[in-house]
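Visitor: Data: upload-v6.cif, mmCIF, C-alpha atoms and all ligand atoms.
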```
data_final
loop_
_atom_site.group_PDB
_atom_site.id
_atom_site.type_symbol
_atom_site.label_atom_id
_atom_site.label_comp_id
_atom_site.auth_asym_id
_atom_site.auth_seq_id
_atom_site.Cartn_x
_atom_site.Cartn_y
_atom_site.Cartn_z
ATOM 1 C CA MET A 1 -32.496 -7.746 -7.887
ATOM 2 C CA MET A 2 -29.728 -5.409 -6.626
ATOM 3 C CA LEU A 3 -30.298 -3.449 -3.439
ATOM 4 C CA PRO A 4 -29.287 0.207 -3.036
ATOM 5 C CA LEU A 5 -26.599 -0.541 -0.487
ATOM 6 C CA ASP A 6 -23.794 1.589 -1.839
ATOM 7 C CA LEU A 7 -24.439 4.570 0.444
ATOM 8 C CA PRO A 8 -21.517 5.812 2.568
ATOM 9 C CA LEU A 9 -21.029 3.924 5.792
ATOM 10 C CA PRO A 10 -22.624 5.646 8.772
ATOM 11 C CA THR A 11 -20.174 6.496 11.509
ATOM 12 C CA ARG A 12 -21.981 5.619 14.758
ATOM 13 C CA HIS A 13 -19.864 2.938 16.384
ATOM 14 C CA ARG A 14 -20.502 1.568 19.830
ATOM 15 C CA ASP A 15 -17.613 2.883 21.887
ATOM 16 C CA ASP A 16 -17.602 0.303 24.574
ATOM 17 C CA PRO A 17 -17.290 -3.260 23.229
ATOM 18 C CA VAL A 18 -19.089 -5.831 25.340
ATOM 19 C CA LEU A 19 -16.179 -8.256 24.836
ATOM 20 C CA PRO A 20 -12.728 -8.183 23.231
ATOM 21 C CA GLY A 21 -13.264 -9.332 19.652
ATOM 22 C CA LEU A 22 -16.884 -8.142 19.403
ATOM 23 C CA ARG A 23 -17.347 -4.966 17.316
ATOM 24 C CA GLN A 24 -20.773 -3.482 16.717
ATOM 25 C CA GLN A 25 -22.221 -0.566 14.807
ATOM 26 C CA ASP A 26 -25.796 0.674 14.865
ATOM 27 C CA ASP A 27 -27.638 2.093 11.835
ATOM 28 C CA PHE A 28 -25.460 0.144 9.430
ATOM 29 C CA ILE A 29 -28.300 0.000 6.893
ATOM 30 C CA THR A 30 -31.382 2.161 6.346
ATOM 31 C CA ALA A 31 -34.995 1.130 7.026
ATOM 32 C CA ASP A 32 -35.605 0.817 3.246
ATOM 33 C CA GLU A 33 -32.585 -1.456 2.869
ATOM 34 C CA GLU A 34 -33.777 -3.496 5.847
ATOM 35 C CA ARG A 35 -37.200 -4.027 4.234
ATOM 36 C CA ALA A 36 -35.646 -5.078 0.923
ATOM 37 C CA LEU A 37 -33.335 -7.541 2.691
ATOM 38 C CA MET A 38 -36.237 -9.053 4.678
ATOM 39 C CA THR A 39 -38.084 -9.595 1.392
ATOM 40 C CA GLY A 40 -34.967 -11.129 -0.172
ATOM 41 C CA ILE A 41 -34.608 -13.549 2.737
ATOM 42 C CA ASP A 42 -38.298 -14.490 2.681
ATOM 43 C CA ARG A 43 -38.017 -15.304 -1.039
ATOM 44 C CA ALA A 44 -34.799 -17.318 -0.692
ATOM 45 C CA GLY A 45 -36.446 -20.665 0.139
ATOM 46 C CA LEU A 46 -35.407 -21.100 3.781
ATOM 47 C CA THR A 47 -36.130 -24.418 5.498
ATOM 48 C CA PRO A 48 -36.263 -25.473 9.181
ATOM 49 C CA PHE A 49 -32.849 -25.953 10.784
ATOM 50 C CA LEU A 50 -32.245 -29.679 11.341
ATOM 51 C CA PHE A 51 -29.900 -31.025 13.982
ATOM 52 C CA GLN A 52 -29.838 -34.822 14.109
ATOM 53 C CA ARG A 53 -33.435 -35.752 15.034
ATOM 54 C CA TRP A 54 -34.321 -32.283 16.220
ATOM 55 C CA THR A 55 -36.110 -29.680 14.081
ATOM 56 C CA GLY A 56 -35.404 -26.102 15.140
ATOM 57 C CA LYS A 57 -37.933 -23.277 15.058
ATOM 58 C CA ARG A 58 -35.681 -21.062 12.967
ATOM 59 C CA LEU A 59 -35.546 -21.228 9.185
ATOM 60 C CA THR A 60 -32.136 -21.156 7.502
ATOM 61 C CA LYS A 61 -30.368 -21.305 4.173
ATOM 62 C CA SER A 62 -26.614 -21.376 3.485
ATOM 63 C CA PHE A 63 -24.807 -20.084 0.422
ATOM 64 C CA GLY A 64 -21.205 -20.548 -0.658
ATOM 65 C CA TRP A 65 -20.497 -23.316 1.834
ATOM 66 C CA SER A 66 -22.819 -25.339 3.997
ATOM 67 C CA TYR A 67 -22.340 -27.516 7.009
ATOM 68 C CA ASP A 68 -24.829 -30.358 7.260
ATOM 69 C CA PHE A 69 -25.543 -30.993 10.947
ATOM 70 C CA GLN A 70 -27.093 -34.370 10.065
ATOM 71 C CA THR A 71 -24.054 -35.833 8.302
ATOM 72 C CA GLY A 72 -21.152 -33.613 9.450
ATOM 73 C CA VAL A 73 -20.299 -32.839 5.821
ATOM 74 C CA PHE A 74 -18.951 -29.393 4.988
ATOM 75 C CA ALA A 75 -19.288 -28.740 1.260
ATOM 76 C CA PRO A 76 -19.725 -26.042 -1.393
ATOM 77 C CA THR A 77 -23.300 -25.070 -2.120
ATOM 78 C CA GLU A 78 -25.049 -22.551 -4.371
ATOM 79 C CA PRO A 79 -23.256 -19.207 -4.719
ATOM 80 C CA ILE A 80 -24.065 -16.180 -2.616
ATOM 81 C CA PRO A 81 -26.929 -14.445 -4.475
ATOM 82 C CA GLU A 82 -26.309 -11.190 -6.334
ATOM 83 C CA TRP A 83 -28.835 -9.224 -4.296
ATOM 84 C CA VAL A 84 -26.529 -9.635 -1.291
ATOM 85 C CA THR A 85 -23.351 -8.485 -3.094
ATOM 86 C CA PRO A 86 -23.472 -4.785 -2.062
ATOM 87 C CA LEU A 87 -24.175 -5.675 1.579
ATOM 88 C CA LYS A 88 -21.382 -8.259 1.528
ATOM 89 C CA ALA A 89 -18.931 -5.611 0.306
ATOM 90 C CA ARG A 90 -19.927 -3.222 3.075
ATOM 91 C CA ALA A 91 -19.849 -5.954 5.720
ATOM 92 C CA ALA A 92 -16.344 -6.932 4.577
ATOM 93 C CA ARG A 93 -15.225 -3.301 4.775
ATOM 94 C CA PHE A 94 -16.666 -3.030 8.304
ATOM 95 C CA ALA A 95 -14.571 -6.057 9.305
ATOM 96 C CA GLY A 96 -11.419 -4.912 7.500
ATOM 97 C CA LEU A 97 -11.649 -7.814 5.033
ATOM 98 C CA ALA A 98 -11.941 -8.132 1.265
ATOM 99 C CA PRO A 99 -15.413 -8.994 -0.099
ATOM 100 C CA ASP A 100 -14.070 -12.270 -1.534
ATOM 101 C CA ASP A 101 -12.936 -13.311 1.942
ATOM 102 C CA LEU A 102 -16.592 -13.727 2.894
ATOM 103 C CA GLU A 103 -17.198 -17.085 1.279
ATOM 104 C CA GLN A 104 -20.217 -18.164 3.256
ATOM 105 C CA LEU A 105 -23.603 -16.585 3.890
ATOM 106 C CA LEU A 106 -26.231 -17.906 6.254
ATOM 107 C CA LEU A 107 -29.743 -16.454 6.086
ATOM 108 C CA ILE A 108 -31.916 -16.980 9.150
ATOM 109 C CA ARG A 109 -35.517 -16.128 9.899
ATOM 110 C CA TYR A 110 -36.512 -16.385 13.559
ATOM 111 C CA ASP A 111 -40.271 -16.655 13.893
ATOM 112 C CA PRO A 112 -41.786 -15.835 17.317
ATOM 113 C CA GLY A 113 -40.408 -18.256 19.903
ATOM 114 C CA ALA A 114 -37.306 -19.092 17.869
ATOM 115 C CA GLY A 115 -33.770 -18.454 19.110
ATOM 116 C CA ILE A 116 -30.417 -20.167 18.832
ATOM 117 C CA GLY A 117 -28.784 -22.282 21.540
ATOM 118 C CA TRP A 118 -25.286 -22.035 22.988
ATOM 119 C CA HIS A 119 -22.597 -22.711 20.418
ATOM 120 C CA ARG A 120 -19.362 -21.590 18.839
ATOM 121 C CA ASP A 121 -19.331 -21.395 15.048
ATOM 122 C CA ARG A 122 -17.818 -24.360 13.210
ATOM 123 C CA PRO A 123 -13.998 -24.413 13.190
ATOM 124 C CA ALA A 124 -13.955 -24.266 9.367
ATOM 125 C CA PHE A 125 -14.901 -20.592 9.737
ATOM 126 C CA GLU A 126 -12.883 -17.664 11.048
ATOM 127 C CA HIS A 127 -14.548 -14.226 10.944
ATOM 128 C CA VAL A 128 -18.301 -13.980 11.581
ATOM 129 C CA ILE A 129 -20.137 -10.792 10.585
ATOM 130 C CA GLY A 130 -23.870 -10.464 11.201
ATOM 131 C CA VAL A 131 -26.519 -7.952 10.143
ATOM 132 C CA SER A 132 -29.761 -7.906 12.165
ATOM 133 C CA LEU A 133 -33.243 -7.085 10.833
ATOM 134 C CA GLY A 134 -36.648 -6.881 12.532
ATOM 135 C CA GLU A 135 -37.128 -7.484 16.252
ATOM 136 C CA PRO A 136 -34.290 -6.384 18.584
ATOM 137 C CA ALA A 137 -32.495 -9.348 20.106
ATOM 138 C CA THR A 138 -29.932 -10.087 22.778
ATOM 139 C CA MET A 139 -26.820 -12.085 21.930
ATOM 140 C CA ARG A 140 -25.677 -13.799 25.108
ATOM 141 C CA PHE A 141 -22.062 -14.816 25.591
ATOM 142 C CA ARG A 142 -20.578 -17.238 28.082
ATOM 143 C CA ARG A 143 -17.077 -18.487 28.744
ATOM 144 C CA ARG A 144 -16.304 -21.429 30.975
ATOM 145 C CA MET A 145 -13.986 -20.550 33.853
ATOM 146 C CA GLU A 146 -12.603 -22.726 36.641
ATOM 147 C CA ALA A 147 -15.661 -21.998 38.740
ATOM 148 C CA GLY A 148 -18.710 -21.583 36.521
ATOM 149 C CA PHE A 149 -19.172 -19.189 33.594
ATOM 150 C CA ARG A 150 -18.358 -15.575 32.875
ATOM 151 C CA ARG A 151 -21.280 -14.037 31.036
ATOM 152 C CA ALA A 152 -21.998 -10.975 28.904
ATOM 153 C CA ASN A 153 -24.931 -9.688 26.829
ATOM 154 C CA ALA A 154 -24.827 -7.706 23.597
ATOM 155 C CA PRO A 155 -27.970 -5.986 22.264
ATOM 156 C CA LEU A 156 -28.515 -6.648 18.540
ATOM 157 C CA LEU A 157 -30.558 -3.725 17.276
ATOM 158 C CA PRO A 158 -32.338 -3.935 13.940
ATOM 159 C CA ARG A 159 -30.166 -2.538 11.107
ATOM 160 C CA SER A 160 -26.975 -3.003 13.164
ATOM 161 C CA ILE A 161 -23.921 -5.070 12.335
ATOM 162 C CA TYR A 162 -21.553 -7.086 14.521
ATOM 163 C CA HIS A 163 -18.193 -8.699 13.900
ATOM 164 C CA LEU A 164 -16.959 -11.641 15.963
ATOM 165 C CA SER A 165 -13.238 -12.366 15.848
ATOM 166 C CA GLY A 166 -10.446 -13.348 18.225
ATOM 167 C CA GLU A 167 -11.531 -13.985 21.798
ATOM 168 C CA ALA A 168 -15.262 -13.366 21.269
ATOM 169 C CA ARG A 169 -15.252 -15.744 18.299
ATOM 170 C CA HIS A 170 -13.055 -18.529 19.678
ATOM 171 C CA ASP A 171 -13.170 -18.460 23.483
ATOM 172 C CA TRP A 172 -16.804 -17.567 24.135
ATOM 173 C CA GLU A 173 -19.990 -19.384 23.182
ATOM 174 C CA HIS A 174 -22.959 -17.338 22.067
ATOM 175 C CA SER A 175 -26.712 -17.807 21.866
ATOM 176 C CA ILE A 176 -29.795 -15.734 21.067
ATOM 177 C CA VAL A 177 -32.727 -15.512 23.442
ATOM 178 C CA PRO A 178 -36.005 -16.467 21.718
ATOM 179 C CA MET A 179 -37.924 -13.376 20.636
ATOM 180 C CA GLU A 180 -41.613 -12.535 20.577
ATOM 181 C CA ALA A 181 -41.649 -11.133 17.048
ATOM 182 C CA LEU A 182 -39.896 -11.778 13.774
ATOM 183 C CA ARG A 183 -36.168 -11.312 13.421
ATOM 184 C CA TRP A 184 -34.019 -11.982 10.357
ATOM 185 C CA SER A 185 -30.229 -12.138 10.133
ATOM 186 C CA LEU A 186 -27.576 -12.414 7.477
ATOM 187 C CA THR A 187 -24.264 -13.786 8.724
ATOM 188 C CA PHE A 188 -21.173 -13.762 6.525
ATOM 189 C CA ARG A 189 -18.178 -15.969 7.303
ATOM 190 C CA SER A 190 -14.631 -16.290 6.082
ATOM 191 C CA LEU A 191 -13.086 -19.744 5.814
ATOM 192 C CA LYS A 192 -10.287 -20.728 8.153
ATOM 193 C CA LEU A 193 -9.177 -24.046 6.747
ATOM 194 C CA TRP A 194 -8.128 -24.669 3.210
ATOM 195 C CA PRO A 195 -8.871 -27.110 1.758
ATOM 196 C CA PRO A 196 -11.968 -27.299 3.956
ATOM 197 C CA GLU A 197 -12.161 -30.568 5.813
ATOM 198 C CA ARG A 198 -14.936 -32.546 7.341
ATOM 199 C CA GLN A 199 -15.569 -30.624 10.585
HETATM 200 O O1 LIG B 1 -28.764 -14.543 14.016
HETATM 201 C C1 LIG B 1 -27.639 -14.162 14.354
HETATM 202 O O2 LIG B 1 -27.288 -12.982 14.305
HETATM 203 C C2 LIG B 1 -26.647 -15.155 14.930
HETATM 204 C C3 LIG B 1 -26.635 -16.472 14.248
HETATM 205 C C4 LIG B 1 -25.631 -17.406 14.862
HETATM 206 O O3 LIG B 1 -25.263 -17.325 16.006
HETATM 207 C C5 LIG B 1 -25.087 -18.466 14.019
HETATM 208 O O4 LIG B 1 -25.555 -18.650 12.886
HETATM 209 O O5 LIG B 1 -24.153 -19.153 14.465
#
```
Could I get this file's structure written as structure tokens?

Guide:
Amino acid sequence: MMLPLDLPLPTRHRDDPVLPGLRQQDDFITADEERALMTGIDRAGLTPFLFQRWTGKRLTKSFGWSYDFQTGVFAPTEPIPEWVTPLKARAARFAGLAPDDLEQLLLIRYDPGAGIGWHRDRPAFEHVIGVSLGEPATMRFRRRMEAGFRRANAPLLPRSIYHLSGEARHDWEHSIVPMEALRWSLTFRSLKLWPPERQ
């Protein structure tokens, strides 16, 4: 299944970045494309996120490369599916990268009550580019300072895209507040380390 994602890129950028290294654009995909992507994610065989003995409320599936939070092993996994190829190309263009740079894809479905806790992405990855579908969400950012945290919030509207690099990617943690309705996301990542090591 290929999605009709080869339309010209819309031009509405958010002028005022919430943080250095965070770029966002609304209306990156159309409502029809959003629906087709939601269906693709729902059919992709997502499973509950496992972290040691804890089972998260969100469902996930990795392609290209996966990091196993149970064993700490970072390893190749099944290739990024073809139905995501056009979106991957546009996401890469948004981030100023080549499509082949985006070697990892993580699909997430957040059912009501699911969010994601404070974290920085694994050091094996460099650029992080996310497309949001469904319920609007807030991505929270925090950075430890000598006295407490600096904090910032970025709205993630459905059909928007964000790119985390530089300071926002490496110096700030992020999290997503649990939502009351369904949200889906596709996050593409480039690899930082080669050959990838146990992270
Ligand atoms: O759902 C999203 O847009 C963010 C996911 C995220 O923070 C992550 O996978 O590390």

Visitor: How would you write, as an NGL selection string, the residues chosen by the PyMOL selection byres (((not hetatm)) within 10 of (chain B and resi 1)) on this structure?

Guide: :A and (58 or 60 or 62 or 105-110 or 115-122 or 128-133 or 137-140 or 156 or 161-162 or 173-176 or 183-189)

Visitor: Going by the chain IDs and residue numbers used in this file, which residues fall under the PyMOL selection byres (((chain A and resi 34-51) around 8) and not hetatm)? Write them as an MDAnalysis selection string.

Guide: chainID A and resid 3 29:33 52:61 69:70 83 107:109 133 159 184

Visitor: Using all atoms listed in the file, which of A:Leu87, A:His163, A:Val177, A:Ala114 sits nearest A:Pro17?

Guide: A:His163

Visitor: Measuring atom to atom with only C-alpha atoms, identify which of A:Gln24, A:Ser165, A:Ser66, A:Thr85 is nearest to A:Gln104.

Guide: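 Nearest to A:Gln104: A:Ser66.
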
Visitor: Starting from the displayed file, determine the output of the PyMOL selection byres (((chain A and resi 89-93) around 8) and not hetatm) and express the residue list as a list in words.

Guide: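 With the shown file as input, the PyMOL selection byres (((chain A and resi 89-93) around 8) and not hetatm) matches Asp6, Leu9, Thr85, Pro86, Leu87, Lys88, Phe94, Ala95, Gly96, Leu97, Ala98, Pro99, Asp101, Leu102, Ile129, Ile161 and Phe188 of chain A.
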
Visitor: Between A:Gly113, A:Ala154, A:Gly21, A:Arg143, which is the closest to A:Ala181 once you count only C-alpha atoms?

Guide: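 Of all the options, A:Gly113 lies closest to A:Ala181.
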
Visitor: I'd like the interatomic distance between atom CA of A:Phe141 and atom CA of A:Ile80, to a tenth of an Å.

Guide: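 Result for atom CA of A:Phe141 versus atom CA of A:Ile80: 28.3 Å, one decimal.
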